[in-house]
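Novice: The file below is work-v9.txt, compact mmCIF, C-alpha atoms:
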# COMPACT_ATOMS: atom_id res chain seq x y z
CA MET A 57 18.93 -7.38 35.51
CA ALA A 58 17.61 -5.00 32.83
CA ALA A 59 21.05 -4.76 31.25
CA THR A 60 21.32 -8.57 31.24
CA ASN A 61 17.90 -8.92 29.61
CA THR A 62 18.87 -6.36 26.97
CA THR A 63 22.11 -8.20 26.25
CA ASP A 64 20.33 -11.56 26.03
CA ARG A 65 17.77 -10.13 23.64
CA ARG A 66 20.45 -8.60 21.44
CA GLN A 67 22.26 -11.92 21.30
CA ALA A 68 19.05 -13.74 20.39
CA LEU A 69 18.32 -11.24 17.63
CA GLN A 70 21.84 -11.56 16.25
CA ALA A 71 21.69 -15.36 16.35
CA PHE A 72 18.42 -15.31 14.42
CA ASP A 73 19.80 -12.85 11.86
CA ASP A 74 22.99 -14.87 11.41
CA THR A 75 21.00 -17.85 10.13
CA LYS A 76 20.02 -15.83 7.03
CA ALA A 77 17.01 -18.13 6.84
CA GLY A 78 14.40 -15.79 8.28
CA VAL A 79 11.16 -16.81 9.93
CA LYS A 80 10.65 -19.53 7.33
CA GLY A 81 13.84 -21.10 8.62
CA LEU A 82 12.29 -21.34 12.09
CA VAL A 83 9.14 -22.93 10.66
CA ASP A 84 11.15 -25.37 8.55
CA ALA A 85 13.08 -26.32 11.70
CA GLY A 86 9.79 -27.33 13.30
CA VAL A 87 9.35 -24.70 16.02
CA THR A 88 6.20 -25.29 18.05
CA THR A 89 6.33 -22.08 20.08
CA VAL A 90 7.08 -18.48 19.15
CA PRO A 91 10.55 -17.38 20.37
CA PRO A 92 10.51 -14.48 22.87
CA ILE A 93 12.04 -11.99 20.42
CA PHE A 94 8.74 -12.16 18.50
CA HIS A 95 6.43 -11.69 21.50
CA HIS A 96 4.12 -8.66 21.27
CA PRO A 97 2.07 -7.33 24.19
CA PRO A 98 -1.68 -7.94 23.89
CA ASP A 99 -3.51 -5.31 21.84
CA SER A 100 -6.32 -3.61 23.76
CA LEU A 101 -8.14 -2.53 20.60
CA PRO A 102 -10.97 -4.75 19.35
CA THR A 103 -11.56 -5.99 15.83
CA SER A 104 -14.47 -3.99 14.44
CA SER A 105 -17.80 -5.73 14.09
CA SER A 106 -19.53 -2.52 12.96
CA SER A 107 -20.56 -1.50 9.50
CA VAL A 108 -17.13 0.00 8.76
CA THR A 109 -15.95 -1.41 5.44
CA ILE A 110 -13.09 -0.66 3.10
CA PRO A 111 -14.70 0.49 -0.16
CA VAL A 112 -14.21 -1.36 -3.43
CA ILE A 113 -14.13 1.12 -6.35
CA ASP A 114 -14.68 0.19 -9.98
CA LEU A 115 -12.28 2.40 -11.94
CA SER A 116 -14.21 1.75 -15.17
CA GLY A 117 -17.22 3.70 -13.90
CA PRO A 118 -18.09 7.31 -14.77
CA ARG A 119 -15.15 9.52 -13.80
CA SER A 120 -17.29 11.80 -11.65
CA ASP A 121 -18.51 8.81 -9.62
CA VAL A 122 -15.02 7.33 -9.31
CA LEU A 123 -13.62 10.71 -8.24
CA ALA A 124 -16.26 11.10 -5.53
CA GLN A 125 -15.61 7.60 -4.17
CA VAL A 126 -11.82 8.00 -4.17
CA LYS A 127 -12.11 11.39 -2.46
CA ALA A 128 -14.41 10.05 0.25
CA ALA A 129 -12.18 7.06 0.96
CA ALA A 130 -8.90 9.00 0.96
CA GLU A 131 -10.28 11.65 3.32
CA THR A 132 -11.68 9.15 5.84
CA VAL A 133 -10.40 5.60 6.09
CA GLY A 134 -7.36 6.21 3.84
CA PHE A 135 -7.75 2.81 2.15
CA PHE A 136 -9.75 1.49 -0.77
CA GLN A 137 -9.64 -1.42 -3.18
CA VAL A 138 -9.84 -0.99 -6.95
CA VAL A 139 -11.12 -3.30 -9.67
CA ASN A 140 -11.00 -2.88 -13.45
CA HIS A 141 -7.68 -1.15 -12.86
CA GLY A 142 -5.96 -2.22 -16.07
CA VAL A 143 -3.32 -4.53 -14.56
CA PRO A 144 -3.72 -7.94 -16.25
CA ALA A 145 -4.94 -10.76 -14.02
CA GLY A 146 -2.18 -13.01 -15.31
CA LEU A 147 0.49 -10.52 -14.21
CA LEU A 148 -1.06 -10.30 -10.73
CA ALA A 149 -1.12 -14.08 -10.37
CA GLU A 150 2.42 -14.53 -11.61
CA THR A 151 3.70 -11.75 -9.33
CA LEU A 152 2.29 -13.49 -6.25
CA ALA A 153 3.55 -16.87 -7.47
CA SER A 154 7.06 -15.55 -8.18
CA VAL A 155 7.41 -13.99 -4.73
CA ARG A 156 6.21 -17.25 -3.19
CA ARG A 157 8.72 -19.19 -5.31
CA PHE A 158 11.58 -17.03 -4.08
CA HIS A 159 10.70 -17.37 -0.40
CA GLU A 160 10.08 -21.11 -0.70
CA SER A 161 13.31 -21.81 -2.54
CA PRO A 162 16.14 -23.59 -0.66
CA PRO A 163 17.86 -21.53 2.06
CA GLU A 164 21.22 -21.75 0.30
CA SER A 165 19.79 -20.11 -2.83
CA LYS A 166 18.34 -17.19 -0.81
CA ALA A 167 21.29 -16.61 1.51
CA PRO A 168 23.40 -14.66 -1.03
CA TYR A 169 20.67 -12.01 -1.16
CA TYR A 170 20.38 -11.68 2.62
CA THR A 171 21.63 -8.27 3.69
CA ARG A 172 20.86 -5.16 5.74
CA ASP A 173 22.94 -2.91 3.51
CA LEU A 174 20.52 -0.10 2.56
CA ALA A 175 22.71 0.83 -0.40
CA LYS A 176 21.83 -2.40 -2.18
CA LYS A 177 18.90 -2.20 -4.58
CA LEU A 178 17.91 -5.82 -3.93
CA ARG A 179 17.70 -7.09 -0.34
CA PHE A 180 16.30 -10.17 1.35
CA ASN A 181 15.94 -10.20 5.13
CA SER A 182 13.55 -10.68 8.00
CA ASN A 183 12.33 -7.48 9.70
CA PHE A 184 14.07 -4.39 8.28
CA ASP A 185 13.95 -2.97 11.83
CA LEU A 186 14.98 -6.16 13.63
CA PHE A 187 17.41 -4.38 15.95
CA GLN A 188 15.29 -1.25 16.52
CA SER A 189 11.71 -2.43 17.07
CA PRO A 190 10.36 -3.56 20.46
CA ALA A 191 9.37 -6.96 19.03
CA ALA A 192 10.11 -8.77 15.78
CA ASN A 193 7.38 -9.70 13.30
CA TRP A 194 6.57 -13.14 11.89
CA ARG A 195 7.54 -12.16 8.34
CA ASP A 196 10.31 -12.34 5.74
CA THR A 197 10.78 -9.75 3.00
CA LEU A 198 12.29 -9.36 -0.45
CA PHE A 199 12.95 -5.65 -1.14
CA CYS A 200 13.64 -4.21 -4.59
CA GLN A 201 14.40 -0.60 -5.55
CA ALA A 202 12.48 -1.04 -8.80
CA LEU A 203 12.18 2.42 -10.41
CA PRO A 204 13.55 4.61 -11.88
CA ASP A 205 16.94 2.88 -11.73
CA PRO A 206 16.31 -0.84 -11.16
CA PRO A 207 18.92 -3.48 -10.43
CA GLY A 208 20.35 -5.28 -13.44
CA GLU A 209 18.56 -8.39 -14.63
CA ASP A 210 21.41 -10.59 -13.39
CA GLU A 211 21.06 -9.03 -9.91
CA LEU A 212 17.45 -10.21 -9.56
CA PRO A 213 16.79 -13.70 -8.17
CA PRO A 214 15.72 -16.11 -10.94
CA ALA A 215 12.35 -16.67 -9.25
CA VAL A 216 11.27 -13.04 -9.81
CA ARG A 217 13.49 -11.99 -12.70
CA CYS A 218 10.85 -12.24 -15.44
CA VAL A 219 7.95 -10.63 -13.61
CA LEU A 220 9.16 -7.98 -11.16
CA PRO A 221 10.04 -5.31 -13.75
CA ALA A 222 6.69 -5.73 -15.51
CA TYR A 223 4.73 -5.54 -12.27
CA SER A 224 6.67 -2.49 -11.08
CA GLY A 225 5.77 -0.59 -14.24
CA ALA A 226 2.13 -1.62 -14.07
CA ALA A 227 1.84 -0.61 -10.41
CA ARG A 228 3.37 2.78 -11.17
CA ARG A 229 0.94 3.42 -14.03
CA LEU A 230 -1.98 2.65 -11.73
CA ALA A 231 -0.51 4.89 -9.03
CA VAL A 232 -0.27 7.78 -11.48
CA ALA A 233 -3.93 7.31 -12.45
CA VAL A 234 -4.94 7.36 -8.77
CA LEU A 235 -2.77 10.41 -8.09
CA GLU A 236 -4.60 12.23 -10.88
CA LEU A 237 -7.90 11.46 -9.16
CA LEU A 238 -6.51 12.61 -5.81
CA SER A 239 -5.18 15.83 -7.34
CA GLU A 240 -8.67 16.63 -8.61
CA ALA A 241 -10.14 15.65 -5.25
CA LEU A 242 -7.92 18.31 -3.66
CA GLY A 243 -9.06 20.94 -6.15
CA LEU A 244 -5.71 20.92 -7.95
CA ALA A 245 -4.80 20.42 -11.59
CA ARG A 246 -5.03 16.75 -12.56
CA GLU A 247 -1.27 16.36 -13.11
CA ARG A 248 -0.17 18.26 -10.01
CA LEU A 249 0.81 15.37 -7.74
CA GLU A 250 2.50 13.45 -10.53
CA GLU A 251 4.46 16.56 -11.55
CA MET A 252 5.62 16.88 -7.94
CA GLY A 253 7.34 13.51 -8.38
CA CYS A 254 5.06 11.55 -6.06
CA ALA A 255 5.47 8.35 -8.11
CA ASP A 256 8.87 8.86 -9.73
CA GLY A 257 10.36 6.17 -7.51
CA VAL A 258 8.89 2.73 -6.83
CA VAL A 259 10.04 0.21 -4.25
CA VAL A 260 8.51 -3.26 -4.50
CA VAL A 261 8.38 -5.32 -1.30
CA GLY A 262 7.42 -8.99 -1.42
CA ASN A 263 6.31 -10.10 2.05
CA TYR A 264 6.07 -13.73 3.11
CA TYR A 265 4.07 -14.64 6.22
CA PRO A 266 4.73 -18.27 7.22
CA PRO A 267 2.17 -20.14 9.34
CA CYS A 268 2.67 -19.33 13.02
CA PRO A 269 2.31 -21.91 15.84
CA GLU A 270 1.07 -19.25 18.30
CA PRO A 271 -0.47 -16.44 16.23
CA ARG A 272 -1.84 -14.60 19.27
CA ARG A 273 1.68 -14.04 20.61
CA THR A 274 2.99 -12.07 17.64
CA LEU A 275 2.12 -10.11 14.49
CA GLY A 276 2.87 -10.42 10.81
CA THR A 277 3.49 -6.66 10.60
CA SER A 278 3.22 -4.24 13.52
CA ARG A 279 0.95 -1.21 13.58
CA HIS A 280 2.32 1.44 11.23
CA SER A 281 1.59 3.86 8.41
CA ASP A 282 3.51 3.88 5.12
CA PRO A 283 6.58 6.10 4.46
CA ALA A 284 5.51 6.92 0.90
CA PHE A 285 3.09 9.06 -1.07
CA LEU A 286 0.93 6.14 -2.21
CA THR A 287 0.96 2.35 -1.82
CA VAL A 288 -0.39 -0.19 -4.30
CA LEU A 289 -0.83 -3.55 -2.57
CA LEU A 290 -1.40 -6.97 -4.10
CA GLN A 291 -2.51 -9.49 -1.49
CA ASP A 292 -3.32 -13.20 -1.53
CA TYR A 293 -6.94 -13.50 -2.60
CA ASP A 294 -7.78 -16.39 -0.30
CA MET A 295 -5.84 -15.49 2.84
CA PRO A 296 -6.94 -12.43 4.88
CA GLY A 297 -4.67 -10.73 7.39
CA LEU A 298 -4.52 -7.01 6.62
CA GLN A 299 -6.33 -4.77 9.13
CA VAL A 300 -6.86 -0.99 9.13
CA LEU A 301 -7.29 1.18 12.23
CA VAL A 302 -10.66 2.93 12.06
CA GLY A 303 -12.54 5.24 14.43
CA GLY A 304 -11.20 8.32 16.24
CA GLU A 305 -8.64 10.35 14.33
CA GLU A 306 -6.74 11.82 17.27
CA GLU A 307 -4.66 10.11 19.92
CA GLU A 308 -7.18 10.99 22.60
CA ASP A 309 -9.81 9.06 20.61
CA GLU A 310 -7.91 5.77 21.00
CA ARG A 311 -10.69 4.19 23.04
CA ARG A 312 -13.07 4.62 20.08
CA ARG A 313 -10.75 2.94 17.62
CA ALA A 314 -10.89 -0.61 16.30
CA TRP A 315 -9.26 -2.83 13.70
CA ALA A 316 -11.22 -3.40 10.49
CA ASP A 317 -10.38 -6.29 8.17
CA VAL A 318 -9.53 -5.63 4.53
CA PRO A 319 -11.06 -8.75 3.00
CA PRO A 320 -9.30 -10.02 -0.12
CA VAL A 321 -11.23 -9.38 -3.35
CA ALA A 322 -10.25 -11.48 -6.37
CA GLY A 323 -8.59 -9.32 -9.00
CA ALA A 324 -8.50 -6.21 -6.81
CA LEU A 325 -5.56 -4.09 -5.73
CA VAL A 326 -5.50 -2.23 -2.42
CA ILE A 327 -4.60 1.48 -2.49
CA ASN A 328 -3.67 3.48 0.57
CA VAL A 329 -2.57 7.03 1.26
CA GLY A 330 0.99 7.30 2.59
CA ASP A 331 2.48 9.63 5.17
CA LEU A 332 3.98 12.00 2.61
CA LEU A 333 0.66 12.44 0.81
CA GLN A 334 -0.97 13.34 4.12
CA LEU A 335 1.84 15.86 4.64
CA VAL A 336 1.61 17.59 1.25
CA SER A 337 -2.21 17.62 1.40
CA ASN A 338 -1.95 19.38 4.78
CA GLY A 339 -3.92 16.60 6.45
CA ARG A 340 -6.75 16.52 3.90
CA LEU A 341 -5.84 12.97 2.81
CA ARG A 342 -5.33 10.44 5.60
CA SER A 343 -2.43 8.06 6.02
CA VAL A 344 -4.03 5.50 8.30
CA GLU A 345 -2.26 3.02 10.55
CA HIS A 346 -2.61 -0.64 9.67
CA ARG A 347 -1.14 -4.01 10.56
CA VAL A 348 -1.04 -7.64 9.46
CA VAL A 349 -2.04 -10.32 11.94
CA ALA A 350 0.11 -13.44 12.19
CA ASN A 351 -0.81 -16.27 9.85
CA GLY A 352 -2.78 -18.80 11.87
CA SER A 353 -3.18 -21.24 8.96
CA ARG A 354 -3.08 -24.88 9.97
CA ASP A 355 -2.58 -26.24 6.46
CA GLY A 356 1.05 -25.07 6.29
CA ARG A 357 0.39 -22.43 3.62
CA ALA A 358 2.08 -19.05 3.87
CA ARG A 359 0.39 -15.75 3.08
CA VAL A 360 2.06 -13.56 0.42
CA SER A 361 1.64 -9.88 -0.39
CA VAL A 362 3.45 -7.51 -2.75
CA ALA A 363 3.49 -3.79 -1.94
CA ALA A 364 4.60 -1.11 -4.39
CA PHE A 365 5.57 2.01 -2.44
CA CYS A 366 5.44 5.08 -4.66
CA ASN A 367 7.79 7.85 -3.69
CA ALA A 368 10.07 10.52 -5.06
CA ASP A 369 13.12 9.62 -7.11
CA LEU A 370 15.85 9.33 -4.48
CA SER A 371 18.74 9.89 -6.88
CA ALA A 372 21.16 12.69 -6.05
CA ARG A 373 19.49 14.89 -8.66
CA THR A 374 16.21 15.17 -6.76
CA ALA A 375 16.88 13.89 -3.24
CA ALA A 376 17.33 17.41 -1.86
CA ARG A 377 13.82 18.50 -2.85
CA ALA A 378 11.77 19.50 0.18
CA TYR A 379 8.09 18.61 0.44
CA GLY A 380 5.69 20.62 2.57
CA PRO A 381 1.98 21.36 2.53
CA ILE A 382 0.93 22.46 -0.96
CA GLU A 383 0.53 26.24 -1.09
CA GLU A 384 -3.07 26.19 -2.36
CA LEU A 385 -4.11 23.97 0.54
CA VAL A 386 -2.85 26.38 3.20
CA SER A 387 -4.83 29.39 4.42
CA SER A 388 -5.59 31.36 7.56
CA SER A 389 -8.31 28.86 8.37
CA ALA A 390 -6.09 25.89 7.41
CA PRO A 391 -2.57 26.74 8.61
CA PRO A 392 0.28 24.36 7.75
CA LEU A 393 0.26 21.25 9.93
CA TYR A 394 3.73 19.98 9.04
CA ARG A 395 7.17 21.38 8.34
CA SER A 396 8.85 20.74 5.01
CA VAL A 397 11.04 17.65 4.77
CA THR A 398 13.12 15.87 2.16
CA VAL A 399 12.18 12.28 1.42
CA PRO A 400 15.60 10.94 2.52
CA GLU A 401 15.17 12.78 5.85
CA PHE A 402 11.72 11.28 6.33
CA LEU A 403 12.88 7.76 5.45
CA SER A 404 15.91 8.08 7.75
CA HIS A 405 13.62 8.95 10.66
CA TYR A 406 11.19 6.14 9.77
CA ASP A 407 13.87 3.47 9.40
CA GLY A 408 15.72 4.65 12.48
CA LYS A 409 12.76 4.29 14.81
CA GLY A 410 11.37 1.12 13.18
CA LEU A 411 7.82 -0.10 13.63
CA ASP A 412 7.59 1.05 17.24
CA GLY A 413 3.89 1.99 17.28
CA ARG A 414 4.50 5.75 17.01
CA PRO A 415 3.33 7.59 13.85
CA ALA A 416 6.36 8.89 11.95
CA LEU A 417 4.44 12.00 10.87
CA ASP A 418 4.17 13.22 14.45
CA TYR A 419 7.88 14.07 14.41
CA PHE A 420 7.33 16.57 11.58
CA ARG A 421 4.12 18.15 12.90
CA LEU A 422 4.31 21.86 13.65
CA PRO A 423 3.32 23.07 17.14
CA ARG A 424 -0.32 24.04 17.42
CA PRO A 425 -0.82 27.82 17.68
Will you turn the file into structure tokens for me?
Specialist:
Amino acid sequence: MAATNTTDRRQALQAFDDTKAGVKGLVDAGVTTVPPIFHHPPDSLPTSSSSVTIPVIDLSGPRSDVLAQVKAAAETVGFFQVVNHGVPAGLLAETLASVRRFHESPPESKAPYYTRDLAKKLRFNSNFDLFQSPAANWRDTLFCQALPDPPGEDELPPAVRCVLPAYSGAARRLAVAVLELLSEALGLARERLEEMGCADGVVVVGNYYPPCPEPRRTLGTSRHSDPAFLTVLLQDYDMPGLQVLVGGEEEEDERRRAWADVPPVAGALVINVGDLLQLVSNGRLRSVEHRVVANGSRDGRARVSVAAFCNADLSARTAARAYGPIEELVSSSAPPLYRSVTVPEFLSHYDGKGLDGRPALDYFRLPRP
């Protein structure tokens, strides 16, 4: 029976993927129930009603104040929002609008971009881990390897062609400014993290969360942490959905954990620490698990977000570089928590396991003495 169920599920996944229309294709077809391949087990963790909030930091304030706020957020909740960040409001609005335009364009115009070929710099699909994860998510994605070697202009879909390169550059500049603050927060030279290549590569991911007929049965994005050094996230300002796991830091503290909403703030960008920054900081900075709940909107409007994942340059020239805990952050009282790893090795492990609910960093953690 188990083998039959596995075969049936595989066939259902393949049939869905073969449509090349994604979740939006299901919604456009008028589905009134969520197909079984998208069913997630109920989550036992509550949504926090406590005073836990995700800080909003004004980057135009005195540097000493900004540094203290960024340090506190990165060492605890791992997330914060920034305002007065220097990215023009018009560029933010047009970025969201362009990603929406792409996803809401006719299926036949999107189908040529639909692929699971990781070698392609521009990919459209639904669920990068469709065939690995325990349950699919109610989400479609446009993926672009934006920097340092972006796809040619003619390779980009017309809907995003004029805005994606500009937004990628702006997101990277903001990431570098935040990395400088985080370097200082760690007691390092201001340029240290940038010089390590932590934002040499940028991947921009435009997520589209269609309205879901049964939002309690599924998720927009499963519980996970980010396989990057730093993430810069632009989210719809009038549609919440992003939640961060707060509370106990260790697995045995699960019963004390809860989901905290990250309420949209007009003009703000969300910043979060990625797995690789937790690794090189030897656990000082926290890459915190988060998720996106399914879109329960009844007005037919989809939620859109655009994430810029800042990472090392994955070209052959630098791909072999190994990242481990920074030497100055290791001592007899703070022994190394993780082994060194190349970014391609880390990404291979992350993509191979998919969003299965297990932290990717655990695989690279050194045994406790």
Novice: Restrict the calculation to only C-alpha atoms, then for each residue of segment 266-314 of chain A with any atom at most 12 Å from an atom of segment 154-173 of chain A give the closest atom pair and their distance in Å to one decimal, rows by chain and rising residue number, as CSV.
Specialist:
residue,atom,partner,partner_atom,distance
A:Pro266,CA,A:His159,CA,9.7
A:Leu290,CA,A:Val155,CA,11.3
A:Gln291,CA,A:Val155,CA,11.4
A:Asp292,CA,A:Arg156,CA,10.5
Novice: Write out as a tab-separated table a residue-level contact list of segment 255-337 of chain A versus segment 228-247 of chain A with cut-off 8 Å: for each qualifying residue the closest pair of atoms and the distance in Å to one decimal, counting all atoms listed in the file, rows sorted by chain and residue number upward.
Specialist:
residue	atom	partner	partner_atom	distance
A:Ala255	CA	A:Val232	CA	6.7
A:Val258	CA	A:Arg228	CA	7.0
A:Leu286	CA	A:Ala231	CA	7.1
A:Thr287	CA	A:Ala231	CA	7.8
A:Val288	CA	A:Ala231	CA	6.9
A:Ser337	CA	A:Leu242	CA	7.7
Novice: If you count only C-alpha atoms, which residues fall within 9 Å of segment 376-392 of chain A, apart from same-chain ones fewer than 5 positions away, as JSON, numbers by chain?
Specialist: {"A": [242, 243, 244, 252, 332, 334, 335, 336, 337, 338, 339, 340, 370, 397, 398, 399, 400, 421, 422]}
Novice: Can you work out the spacing between atom CA of Val219 of chain A and atom CA of Glu150 of chain A in Å, to one decimal?
Specialist: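 So the answer is 7.1 Å.
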Novice: Which segment 332-417 of chain A residues have any atom within 7 Å of an atom of segment 128-133 of chain A, and for each, what is the nearest pair of atoms with distance in Å to one decimal, counting all atoms listed in the file, rows sorted by chain and number, as a Markdown table?
Specialist:
| residue | atom | partner | partner_atom | distance |
| --- | --- | --- | --- | --- |
| A:Arg340 | CA | A:Glu131 | CA | 6.0 |
| A:Leu341 | CA | A:Glu131 | CA | 4.7 |
| A:Arg342 | CA | A:Glu131 | CA | 5.6 |
| A:Val344 | CA | A:Val133 | CA | 6.7 |
Novice: List the neighbours of Val139 of chain A out to 7 Å using only C-alpha atoms; skip same-chain residues closer than 2 positions along the sequence, and give me the result as a list in words.
Specialist: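 So the residues in contact are Ile113, Asp114, Leu115, Gln137, His141, Gly323, Ala324 and Leu325 of chain A.
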Novice: Please build the interface table for segment 323-350 of chain A against segment 364-367 of chain A with a cut-off of 10 Å, listing for each qualifying residue the nearest atom pair and the distance in Å to one decimal; count all atoms listed in the file, order rows by chain and increasing number, and write it as a Markdown table.
Specialist:
| residue | atom | partner | partner_atom | distance |
| --- | --- | --- | --- | --- |
| A:Ile327 | CA | A:Ala364 | CA | 9.7 |
| A:Asn328 | CA | A:Phe365 | CA | 9.8 |
| A:Gly330 | CA | A:Phe365 | CA | 8.6 |
| A:Leu332 | CA | A:Asn367 | CA | 8.5 |
| A:Leu333 | CA | A:Asn367 | CA | 9.6 |
Novice: Using all atoms listed in the file, which of the listed residues (A:Pro190, A:Pro91, A:Pro213, A:Gly297) sits closest to Arg347 of chain A?
Specialist: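 Result for the nearest residue to Arg347 of chain A: A:Gly297.
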Novice: May I have the centre and edge lengths, in Å to one decimal, of an axis-aligned box around the listed atoms of segment 150-165 of chain A with 5 Å added to every side, as AutoDock Vina command-line options?
Specialist:
--center_x 11.8 --center_y -17.7 --center_z -4.8 --size_x 28.9 --size_y 21.8 --size_z 23.7
Novice: Report the distance between atom CA of Val216 of chain A and atom CA of Val259 of chain A in Å, rounded to one decimal place.
Specialist: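 Answer for the atom CA of Val216 of chain A to atom CA of Val259 of chain A separation: 14.4 Å.
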Novice: Please, what distance in Å, to one decimal, runs between atom CA of Asp407 of chain A and atom CA of Gln188 of chain A?
Specialist: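 Separating atom CA of Asp407 of chain A from atom CA of Gln188 of chain A is a distance of 8.7 Å.
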Novice: Just the residues within 7 Å of Asp369 of chain A, please, counting all atoms listed in the file, with nothing from its chain fewer than 3 positions along; format it as a PyMOL selection string.
Specialist: chain A and resi 204+256-257+374-375
Novice: May I have the protein, DNA and RNA residues with any atom at most 10 Å from the point (9.5, -20.6, 8.7), counting all atoms listed in the file, written as a ChimeraX atom specification?
Specialist: /A:77-87,159-160,194-196,264-268,356,358
Novice: (6.3, -21.3, 22.5) in this file's frame - what residues fall within 9 Å of it? Use all atoms listed in the file and give the answer as a PyMOL selection string.
Specialist: chain A and resi 87-92+269-270+273
Novice: Save segment 316-373 of chain A to a file: C-alpha atoms, as a PDB file, in the first residue's frame.
Specialist:
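File produced: selection31.pdb:
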ATOM      1  CA  ALA A 316       5.398  35.925  15.193  1.00  0.00           C
ATOM      2  CA  ASP A 317       3.966  37.950  12.306  1.00  0.00           C
ATOM      3  CA  VAL A 318       6.190  40.330  10.365  1.00  0.00           C
ATOM      4  CA  PRO A 319       3.623  43.037   9.618  1.00  0.00           C
ATOM      5  CA  PRO A 320       4.184  44.893   6.344  1.00  0.00           C
ATOM      6  CA  VAL A 321       5.500  48.449   6.786  1.00  0.00           C
ATOM      7  CA  ALA A 322       5.074  50.807   3.838  1.00  0.00           C
ATOM      8  CA  GLY A 323       8.440  51.631   2.304  1.00  0.00           C
ATOM      9  CA  ALA A 324      10.357  49.166   4.480  1.00  0.00           C
ATOM     10  CA  LEU A 325      12.572  46.265   3.481  1.00  0.00           C
ATOM     11  CA  VAL A 326      12.945  43.156   5.629  1.00  0.00           C
ATOM     12  CA  ILE A 327      16.484  41.985   6.442  1.00  0.00           C
ATOM     13  CA  ASN A 328      17.308  38.578   7.847  1.00  0.00           C
ATOM     14  CA  VAL A 329      20.458  36.703   8.763  1.00  0.00           C
ATOM     15  CA  GLY A 330      21.103  33.644   6.591  1.00  0.00           C
ATOM     16  CA  ASP A 331      22.555  30.263   7.482  1.00  0.00           C
ATOM     17  CA  LEU A 332      26.033  31.069   6.194  1.00  0.00           C
ATOM     18  CA  LEU A 333      26.255  34.239   8.276  1.00  0.00           C
ATOM     19  CA  GLN A 334      25.339  32.233  11.369  1.00  0.00           C
ATOM     20  CA  LEU A 335      28.088  29.788  10.407  1.00  0.00           C
ATOM     21  CA  VAL A 336      30.884  32.331   9.882  1.00  0.00           C
ATOM     22  CA  SER A 337      29.858  34.273  13.015  1.00  0.00           C
ATOM     23  CA  ASN A 338      30.160  31.012  14.982  1.00  0.00           C
ATOM     24  CA  GLY A 339      26.546  31.273  16.099  1.00  0.00           C
ATOM     25  CA  ARG A 340      26.726  34.896  17.246  1.00  0.00           C
ATOM     26  CA  LEU A 341      24.253  36.015  14.555  1.00  0.00           C
ATOM     27  CA  ARG A 342      21.063  33.964  14.261  1.00  0.00           C
ATOM     28  CA  SER A 343      19.555  32.529  11.106  1.00  0.00           C
ATOM     29  CA  VAL A 344      15.985  32.048  12.269  1.00  0.00           C
ATOM     30  CA  GLU A 345      13.384  29.753  10.758  1.00  0.00           C
ATOM     31  CA  HIS A 346      10.401  31.398   9.122  1.00  0.00           C
ATOM     32  CA  ARG A 347       7.457  30.554   6.898  1.00  0.00           C
ATOM     33  CA  VAL A 348       4.701  32.123   4.810  1.00  0.00           C
ATOM     34  CA  VAL A 349       1.106  31.172   5.529  1.00  0.00           C
ATOM     35  CA  ALA A 350      -1.184  30.434   2.600  1.00  0.00           C
ATOM     36  CA  ASN A 351      -3.010  33.411   1.141  1.00  0.00           C
ATOM     37  CA  GLY A 352      -6.552  33.339   2.506  1.00  0.00           C
ATOM     38  CA  SER A 353      -7.675  36.418   0.559  1.00  0.00           C
ATOM     39  CA  ARG A 354     -11.259  36.272  -0.638  1.00  0.00           C
ATOM     40  CA  ASP A 355     -10.958  39.144  -3.105  1.00  0.00           C
ATOM     41  CA  GLY A 356      -8.919  37.089  -5.579  1.00  0.00           C
ATOM     42  CA  ARG A 357      -5.717  39.096  -5.066  1.00  0.00           C
ATOM     43  CA  ALA A 358      -2.386  37.298  -4.888  1.00  0.00           C
ATOM     44  CA  ARG A 359       0.399  38.198  -2.476  1.00  0.00           C
ATOM     45  CA  VAL A 360       3.800  39.025  -4.012  1.00  0.00           C
ATOM     46  CA  SER A 361       7.263  39.178  -2.467  1.00  0.00           C
ATOM     47  CA  VAL A 362      10.739  39.657  -3.910  1.00  0.00           C
ATOM     48  CA  ALA A 363      13.721  38.221  -2.023  1.00  0.00           C
ATOM     49  CA  ALA A 364      17.334  39.092  -2.822  1.00  0.00           C
ATOM     50  CA  PHE A 365      19.584  36.338  -1.450  1.00  0.00           C
ATOM     51  CA  CYS A 366      23.129  37.614  -0.984  1.00  0.00           C
ATOM     52  CA  ASN A 367      25.814  34.995  -1.283  1.00  0.00           C
ATOM     53  CA  ALA A 368      29.295  34.341  -2.561  1.00  0.00           C
ATOM     54  CA  ASP A 369      30.094  34.556  -6.255  1.00  0.00           C
ATOM     55  CA  LEU A 370      29.522  30.993  -7.444  1.00  0.00           C
ATOM     56  CA  SER A 371      31.706  31.275 -10.542  1.00  0.00           C
ATOM     57  CA  ALA A 372      34.486  28.735 -10.944  1.00  0.00           C
ATOM     58  CA  ARG A 373      37.011  31.323  -9.782  1.00  0.00           C
TER      59      ARG A 373
END
